[in-house]
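Participant: protein-v9.tsv is the file, holding TSV, C-alpha atoms:
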```tsv
chain	number	residue	atom	x	y	z
A	12	MET	CA	-46.52	84.16	-22.19
A	13	ILE	CA	-43.36	85.75	-23.46
A	14	GLY	CA	-43.16	89.49	-23.79
A	15	PRO	CA	-41.17	91.69	-26.15
A	16	PRO	CA	-37.43	91.26	-25.87
A	17	LYS	CA	-35.16	94.19	-25.17
A	18	PRO	CA	-32.53	94.97	-27.82
A	19	LEU	CA	-30.07	92.11	-27.89
A	20	ASN	CA	-27.11	94.43	-27.91
A	21	ALA	CA	-28.21	95.97	-24.61
A	22	PRO	CA	-26.01	95.23	-21.58
A	23	ASN	CA	-26.89	91.77	-20.42
A	24	PRO	CA	-27.87	91.88	-16.76
A	25	HIS	CA	-29.22	88.34	-16.49
A	26	ARG	CA	-26.61	87.24	-13.99
A	27	LEU	CA	-27.75	89.95	-11.61
A	28	PRO	CA	-31.07	88.74	-10.27
A	29	SER	CA	-31.36	91.67	-7.89
A	30	ARG	CA	-32.49	93.92	-10.76
A	31	VAL	CA	-35.91	92.36	-10.30
A	32	ALA	CA	-36.43	93.79	-6.85
A	33	ARG	CA	-36.49	97.52	-6.40
A	34	ASP	CA	-34.70	99.13	-3.48
A	35	ASP	CA	-37.87	99.92	-1.57
A	36	GLU	CA	-39.17	96.34	-1.62
A	37	HIS	CA	-38.18	95.69	2.00
A	38	LEU	CA	-40.02	98.85	3.11
A	39	LEU	CA	-43.19	97.68	1.40
A	40	VAL	CA	-42.81	94.21	2.91
A	41	ALA	CA	-42.30	95.69	6.38
A	42	ALA	CA	-45.39	97.88	5.98
A	43	ALA	CA	-47.45	94.97	4.65
A	44	LYS	CA	-46.36	92.86	7.62
A	45	ARG	CA	-47.69	95.59	9.91
A	46	GLY	CA	-51.06	95.18	8.18
A	47	ASP	CA	-50.76	97.91	5.55
A	48	ALA	CA	-52.97	96.51	2.78
A	49	VAL	CA	-52.01	99.32	0.38
A	50	ALA	CA	-48.34	98.33	0.68
A	51	PHE	CA	-49.21	94.71	-0.10
A	52	GLU	CA	-51.30	95.81	-3.06
A	53	GLU	CA	-48.30	97.75	-4.37
A	54	LEU	CA	-46.21	94.56	-4.14
A	55	VAL	CA	-48.91	92.69	-6.04
A	56	LYS	CA	-49.09	95.34	-8.77
A	57	ARG	CA	-45.33	95.28	-9.09
A	58	TYR	CA	-45.08	91.53	-9.63
A	59	GLU	CA	-48.47	90.37	-10.96
A	60	ALA	CA	-47.43	90.34	-14.64
A	61	LYS	CA	-44.17	88.51	-13.90
A	62	ILE	CA	-45.90	85.94	-11.68
A	63	PHE	CA	-48.56	85.34	-14.35
A	64	ARG	CA	-45.82	84.85	-16.95
A	65	LEU	CA	-44.17	82.35	-14.59
A	66	THR	CA	-47.32	80.33	-13.91
A	67	MET	CA	-48.25	80.46	-17.60
A	68	ASN	CA	-44.79	79.28	-18.61
A	69	ILE	CA	-44.95	76.36	-16.19
A	70	THR	CA	-48.55	75.23	-16.68
A	71	ARG	CA	-49.00	76.28	-20.35
A	72	ASN	CA	-52.70	76.53	-19.50
A	73	ARG	CA	-54.35	79.90	-18.95
A	74	GLU	CA	-56.94	78.76	-16.41
A	75	ASP	CA	-54.36	76.92	-14.31
A	76	ALA	CA	-51.96	79.84	-14.63
A	77	GLU	CA	-54.54	82.29	-13.32
A	78	ASP	CA	-55.54	80.02	-10.42
A	79	ALA	CA	-51.89	79.41	-9.50
A	80	MET	CA	-51.10	83.13	-9.60
A	81	GLN	CA	-54.13	84.05	-7.52
A	82	ASP	CA	-53.42	81.38	-4.91
A	83	ALA	CA	-49.75	82.39	-4.79
A	84	PHE	CA	-50.64	85.99	-3.91
A	85	LEU	CA	-53.33	84.93	-1.43
A	86	LYS	CA	-50.95	82.49	0.28
A	87	SER	CA	-48.14	85.02	0.38
A	88	TYR	CA	-50.53	87.48	2.06
A	89	ALA	CA	-51.71	84.87	4.55
A	90	HIS	CA	-48.14	83.78	5.40
A	91	LEU	CA	-46.39	87.14	5.16
A	92	LYS	CA	-45.60	87.06	8.88
A	93	ASP	CA	-43.65	83.81	8.32
A	94	PHE	CA	-41.46	85.42	5.65
A	95	GLN	CA	-38.08	85.69	7.36
A	96	GLU	CA	-36.60	88.19	4.90
A	97	ASP	CA	-33.48	86.04	4.48
A	98	SER	CA	-34.23	86.17	0.76
A	99	ARG	CA	-35.87	88.74	-1.49
A	100	PHE	CA	-39.67	88.91	-1.27
A	101	TYR	CA	-39.81	88.34	-5.01
A	102	THR	CA	-37.80	85.10	-4.71
A	103	TRP	CA	-40.07	83.92	-1.91
A	104	LEU	CA	-43.11	84.75	-4.05
A	105	VAL	CA	-41.67	82.97	-7.09
A	106	ARG	CA	-41.11	79.89	-4.96
A	107	ILE	CA	-44.74	79.87	-3.81
A	108	ALA	CA	-46.04	80.53	-7.34
A	109	ALA	CA	-43.81	77.85	-8.89
A	110	ASN	CA	-45.15	75.30	-6.42
A	111	GLU	CA	-48.75	76.29	-7.08
A	112	ALA	CA	-48.14	76.01	-10.84
A	113	LEU	CA	-46.26	72.73	-10.50
A	114	MET	CA	-49.08	71.24	-8.43
A	115	ARG	CA	-51.59	72.06	-11.18
A	116	LEU	CA	-49.28	70.79	-13.93
A	117	ARG	CA	-48.84	67.48	-12.08
A	118	LYS	CA	-52.60	67.12	-11.74
A	119	ARG	CA	-53.09	67.72	-15.45
A	120	ARG	CA	-50.09	65.65	-16.63
A	121	PRO	CA	-49.40	63.16	-13.84
A	122	ASN	CA	-46.69	61.17	-15.63
A	123	GLN	CA	-44.79	63.97	-17.31
A	124	VAL	CA	-43.17	65.80	-14.42
A	125	SER	CA	-40.32	63.88	-12.83
A	126	LEU	CA	-38.00	66.47	-11.36
A	127	ASP	CA	-36.56	64.10	-8.79
A	128	GLU	CA	-35.70	61.33	-11.23
A	129	PRO	CA	-32.22	60.99	-12.73
A	130	ILE	CA	-32.00	61.96	-16.38
A	131	GLU	CA	-30.52	60.06	-19.28
A	132	GLY	CA	-26.78	60.01	-20.00
A	133	ASP	CA	-24.83	62.39	-22.17
A	134	ASP	CA	-25.34	60.51	-25.44
A	135	ASN	CA	-28.11	62.73	-26.77
A	136	LEU	CA	-26.44	65.98	-25.84
A	137	MET	CA	-24.31	66.48	-28.92
A	138	PRO	CA	-26.00	69.22	-30.94
A	139	ARG	CA	-27.35	68.50	-34.37
A	140	GLU	CA	-28.39	70.97	-37.05
A	141	LEU	CA	-25.43	73.32	-36.92
A	142	GLU	CA	-26.39	76.18	-39.17
A	143	ASP	CA	-25.55	79.84	-39.33
A	144	TRP	CA	-28.31	82.04	-37.89
A	145	GLY	CA	-27.23	85.09	-39.87
A	146	PRO	CA	-28.20	88.54	-38.58
A	147	SER	CA	-29.62	88.77	-35.08
A	148	PRO	CA	-33.25	87.59	-34.79
A	149	GLU	CA	-34.49	91.04	-33.86
A	150	GLN	CA	-33.21	92.40	-37.15
A	151	ARG	CA	-35.13	89.74	-39.05
A	152	PHE	CA	-38.32	89.34	-37.04
A	153	ALA	CA	-40.91	91.68	-35.57
A	154	GLN	CA	-41.16	91.52	-31.78
A	155	THR	CA	-44.57	89.88	-31.94
A	156	GLU	CA	-43.11	87.18	-34.21
A	157	ILE	CA	-40.24	86.58	-31.79
A	158	ASN	CA	-42.74	86.32	-28.94
A	159	GLU	CA	-44.70	83.69	-30.85
A	160	ILE	CA	-41.54	81.73	-31.65
A	161	LEU	CA	-40.36	81.77	-28.02
A	162	SER	CA	-43.79	80.73	-26.80
A	163	GLU	CA	-43.93	77.90	-29.31
A	164	VAL	CA	-40.49	76.45	-28.57
A	165	ILE	CA	-40.84	76.62	-24.79
A	166	ASP	CA	-44.21	74.90	-25.10
A	167	GLU	CA	-42.47	71.99	-26.84
A	168	LEU	CA	-39.93	71.53	-24.06
A	169	GLU	CA	-40.56	68.66	-21.63
A	170	PRO	CA	-42.01	70.02	-18.34
A	171	ASP	CA	-39.09	69.03	-16.07
A	172	PHE	CA	-36.61	70.85	-18.31
A	173	ARG	CA	-38.98	73.76	-18.91
A	174	ILE	CA	-39.57	74.46	-15.22
A	175	VAL	CA	-35.86	74.67	-14.43
A	176	PHE	CA	-35.22	76.89	-17.45
A	177	VAL	CA	-38.11	79.20	-16.57
A	178	LEU	CA	-36.98	79.70	-12.98
A	179	ARG	CA	-33.31	80.04	-13.84
A	180	ASP	CA	-33.20	81.92	-17.14
A	181	ILE	CA	-36.50	83.79	-17.30
A	182	GLU	CA	-37.27	84.51	-13.63
A	183	GLU	CA	-33.55	84.91	-12.90
A	184	LEU	CA	-33.33	82.80	-9.77
A	185	SER	CA	-29.85	81.57	-8.92
A	186	THR	CA	-29.03	77.88	-9.28
A	187	GLU	CA	-29.28	77.48	-5.50
A	188	GLU	CA	-32.61	79.33	-5.33
A	189	THR	CA	-33.98	77.18	-8.15
A	190	ALA	CA	-32.85	74.00	-6.39
A	191	GLN	CA	-34.46	75.17	-3.17
A	192	ALA	CA	-37.70	76.19	-4.89
A	193	LEU	CA	-38.08	72.80	-6.58
A	194	GLY	CA	-36.69	70.65	-3.78
A	195	ILE	CA	-33.97	69.13	-5.98
A	196	SER	CA	-30.18	69.19	-5.81
A	197	VAL	CA	-27.92	71.82	-7.40
A	198	PRO	CA	-26.38	69.22	-9.78
A	199	ALA	CA	-29.91	68.21	-10.85
A	200	VAL	CA	-30.71	71.87	-11.64
A	201	LYS	CA	-27.48	72.27	-13.61
A	202	SER	CA	-27.99	69.08	-15.56
A	203	ARG	CA	-31.58	69.99	-16.51
A	204	LEU	CA	-30.63	73.56	-17.33
A	205	LEU	CA	-27.87	72.44	-19.71
A	206	ARG	CA	-30.26	70.12	-21.52
A	207	ALA	CA	-33.02	72.74	-21.62
A	208	ARG	CA	-30.70	75.34	-23.13
A	209	LEU	CA	-29.35	72.92	-25.75
A	210	LYS	CA	-32.82	71.71	-26.67
A	211	LEU	CA	-34.12	75.26	-27.00
A	212	ARG	CA	-31.15	76.22	-29.18
A	213	GLN	CA	-31.95	73.33	-31.45
A	214	LYS	CA	-35.64	74.23	-31.61
A	215	LEU	CA	-34.85	77.89	-32.32
A	216	ASN	CA	-32.55	76.79	-35.14
A	217	ARG	CA	-35.68	75.92	-37.10
A	218	TYR	CA	-36.68	79.59	-37.12
A	219	PHE	CA	-33.43	81.50	-36.89
A	220	ARG	CA	-31.26	79.67	-39.44
A	221	ARG	CA	-30.69	81.52	-42.68
A	222	GLY	CA	-33.69	80.83	-44.91
A	223	GLY	CA	-35.49	79.17	-41.99
A	224	ALA	CA	-39.24	79.31	-41.27
A	225	ASN	CA	-40.17	82.98	-41.66
B	167	MET	CA	-10.59	69.48	-24.35
B	168	ASN	CA	-12.75	67.73	-26.95
B	169	CYS	CA	-16.13	68.74	-28.42
B	170	LYS	CA	-18.14	66.64	-25.95
B	171	SER	CA	-16.40	68.23	-22.96
B	172	VAL	CA	-17.14	71.67	-24.39
B	173	ILE	CA	-20.84	70.85	-24.77
B	174	LEU	CA	-20.98	69.54	-21.19
B	175	GLU	CA	-19.47	72.79	-19.93
B	176	ILE	CA	-21.50	75.23	-22.05
B	177	SER	CA	-23.86	76.21	-19.23
B	178	ASN	CA	-21.04	76.79	-16.77
B	179	TYR	CA	-19.14	78.78	-19.41
B	180	ILE	CA	-22.15	80.99	-20.21
B	181	ASP	CA	-22.80	81.55	-16.51
B	182	GLY	CA	-19.15	82.41	-15.83
B	183	GLU	CA	-18.81	79.50	-13.42
B	184	LEU	CA	-15.78	77.75	-14.94
B	185	ALA	CA	-12.43	77.59	-13.19
B	186	PRO	CA	-9.95	79.86	-15.03
B	187	VAL	CA	-7.85	76.96	-16.29
B	188	VAL	CA	-10.89	75.11	-17.70
B	189	LYS	CA	-12.20	78.33	-19.25
B	190	GLN	CA	-8.87	78.85	-21.02
B	191	GLU	CA	-8.91	75.30	-22.34
B	192	LEU	CA	-12.45	75.74	-23.61
B	193	GLN	CA	-11.62	79.04	-25.29
B	194	ARG	CA	-8.58	77.48	-26.95
B	195	HIS	CA	-10.86	74.76	-28.34
B	196	LEU	CA	-13.30	77.39	-29.66
B	197	GLU	CA	-10.47	79.11	-31.56
B	198	HIS	CA	-10.15	76.15	-33.89
B	199	CYS	CA	-13.55	74.43	-33.73
B	200	GLU	CA	-16.19	76.34	-35.67
B	201	ASP	CA	-18.99	73.91	-34.80
B	202	CYS	CA	-18.49	74.31	-31.06
B	203	LYS	CA	-18.18	78.08	-31.43
B	204	LEU	CA	-21.50	78.14	-33.29
B	205	VAL	CA	-23.20	76.09	-30.58
B	206	VAL	CA	-21.75	78.21	-27.77
B	207	ASP	CA	-22.77	81.49	-29.47
B	208	GLN	CA	-26.25	80.26	-30.33
B	209	THR	CA	-26.84	78.79	-26.87
B	210	LYS	CA	-25.84	82.10	-25.31
B	211	LEU	CA	-28.16	83.96	-27.68
B	212	THR	CA	-30.95	81.53	-26.76
B	213	VAL	CA	-30.50	82.31	-23.06
B	214	ASP	CA	-30.26	86.06	-23.71
B	215	ILE	CA	-33.34	86.26	-25.88
B	216	PHE	CA	-35.47	84.46	-23.28
B	217	CYS	CA	-33.89	86.30	-20.36
B	218	ASP	CA	-34.53	89.68	-21.98
B	219	SER	CA	-38.17	88.96	-22.77
B	220	GLN	CA	-40.50	91.15	-20.74
B	221	PRO	CA	-43.79	89.96	-19.25
B	222	VAL	CA	-46.76	91.14	-21.24
B	223	GLU	CA	-49.34	93.21	-19.42
B	224	LEU	CA	-51.76	91.18	-17.35
B	225	PRO	CA	-55.13	90.88	-19.15
B	226	ASP	CA	-57.72	93.21	-17.57
B	227	ASP	CA	-60.12	90.42	-16.60
B	228	VAL	CA	-57.34	88.40	-14.93
B	229	LYS	CA	-56.15	91.50	-13.07
B	230	TRP	CA	-59.69	92.35	-11.93
B	231	ARG	CA	-60.29	88.84	-10.54
B	232	LEU	CA	-56.94	88.84	-8.75
B	233	HIS	CA	-57.52	92.18	-7.04
B	234	GLU	CA	-61.10	91.22	-6.19
B	235	ALA	CA	-59.86	88.02	-4.53
B	236	LEU	CA	-57.25	89.98	-2.61
B	237	ARG	CA	-59.81	92.55	-1.48
B	238	ARG	CA	-62.00	89.73	-0.16
B	239	LYS	CA	-59.01	88.19	1.61
B	240	VAL	CA	-57.92	91.48	3.18
B	241	SER	CA	-61.42	92.27	4.36
B	242	GLY	CA	-61.67	88.80	5.88
B	243	LYS	CA	-64.42	87.65	3.53
B	244	GLY	CA	-62.25	85.33	1.48
B	245	ASN	CA	-61.08	81.81	2.35
```
Let me see the structure of the file written as structure tokens.

Facilitator:
Amino acid sequence: MIGPPKPLNAPNPHRLPSRVARDDEHLLVAAAKRGDAVAFEELVKRYEAKIFRLTMNITRNREDAEDAMQDAFLKSYAHLKDFQEDSRFYTWLVRIAANEALMRLRKRRPNQVSLDEPIEGDDNLMPRELEDWGPSPEQRFAQTEINEILSEVIDELEPDFRIVFVLRDIEELSTEETAQALGISVPAVKSRLLRARLKLRQKLNRYFRRGGAN
Amino acid sequence: MNCKSVILEISNYIDGELAPVVKQELQRHLEHCEDCKLVVDQTKLTVDIFCDSQPVELPDDVKWRLHEALRRKVSGKGN
């Protein structure tokens, strides 16, 4: 569930997670806490596509993704009074949705998600297949093609690397927020993120190298 | 700094989380190691291309079921 990329030469704001939340988010949250259903519906409309992308990226199963998204919004509504506003509403929502998605993924693939287990040493980290990618992918591929490629390579990534990458690099949570959301340590997030990024680079090499799969 | 150390620090380098002295060492390595430079540039592009992807619009049927469930919840008819 990857959407069209923005131009790659655009300013890169991905280290500024606050771009996700608009300035009036806290006003909507306050109104929703007072029982204003319209305000909560506005929050839902604002984030529904992003939350569905998140649950789809974690579960890689449309039915599970929809259930996880729906339950995340229903739970956030039910527990809105418990939201302490020490983080952004969006971050709180992502945390709930990630857990709902993770729960469904674990049910479907019980032995494949091991976020709390140590990962292998550094031996397999050294990149292979070092080839020039030539002009930027968006000059060579249509946006729909890039979407398909991104969807395909993220689907191939092992779940415990994929989940960290999705939260950190697609949903733009900080390392600390990702660690908190998944109940793992900051070093564990960093270690999985490094491996996820290197593995994805290697998988993308298949498509983006000069004369690669077009 | 050798190639393996560069690879281990790629994430921290991309995220701007390296101490200045380590960052300088890494950049010095990149000046003369084309392989590492390629990996660093391509890894950064990998992160950027995913980070810049936008969520596609929610399918109408999924959106309808979500808002229906919320309406039931708000009106006290849901679980």

Participant: Skip range 190-199 of chain A itself and residues of its chain fewer than 2 positions away, then list as a ChimeraX atom specification all residues within 10 Å of it, counting only C-alpha atoms.

Facilitator: /A:102-103,105-110,113,126-130,174-175,178-179,184-188,201-204

Participant: Using only C-alpha atoms, which of B:Asp207, B:Glu191, B:Glu223, B:Glu197 sits nearest chain A?

Facilitator: B:Glu223

Participant: Would you compute an axis-aligned box for range 183-198 of chain B, covering every atom listed for it in the file with 3 Å of margin on each side, and report centre and edge lengths in Å to one decimal as JSON?

Facilitator:
```
{"center_x": -13.3, "center_y": 77.3, "center_z": -23.5, "size_x": 17.0, "size_y": 11.1, "size_z": 26.7}
```

Participant: Using only C-alpha atoms, which residue out of A:Phe94, A:Tyr88, A:Phe152, A:Phe172 lies closest to chain B?

Facilitator: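 Checking each candidate against chain B, we get A:Tyr88 as the closest.
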
Participant: Counting only C-alpha atoms, which residues from chain B have an atom at most 6 Å from any atom of chain A, and could you show them as a ChimeraX atom specification?

Facilitator: /B:177,209,212,217-224,232

Participant: Which distance in Å separates CA of Asp93 in chain A and CA of Glu111 in chain A, to one decimal?

Facilitator: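 Result for CA of Asp93 in chain A versus CA of Glu111 in chain A: 17.9 Å, one decimal.
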
Participant: Using Å and a single decimal, report how far CA of Asp201 in chain B sits from CA of Val213 in chain B.

Facilitator: 18.5 Å
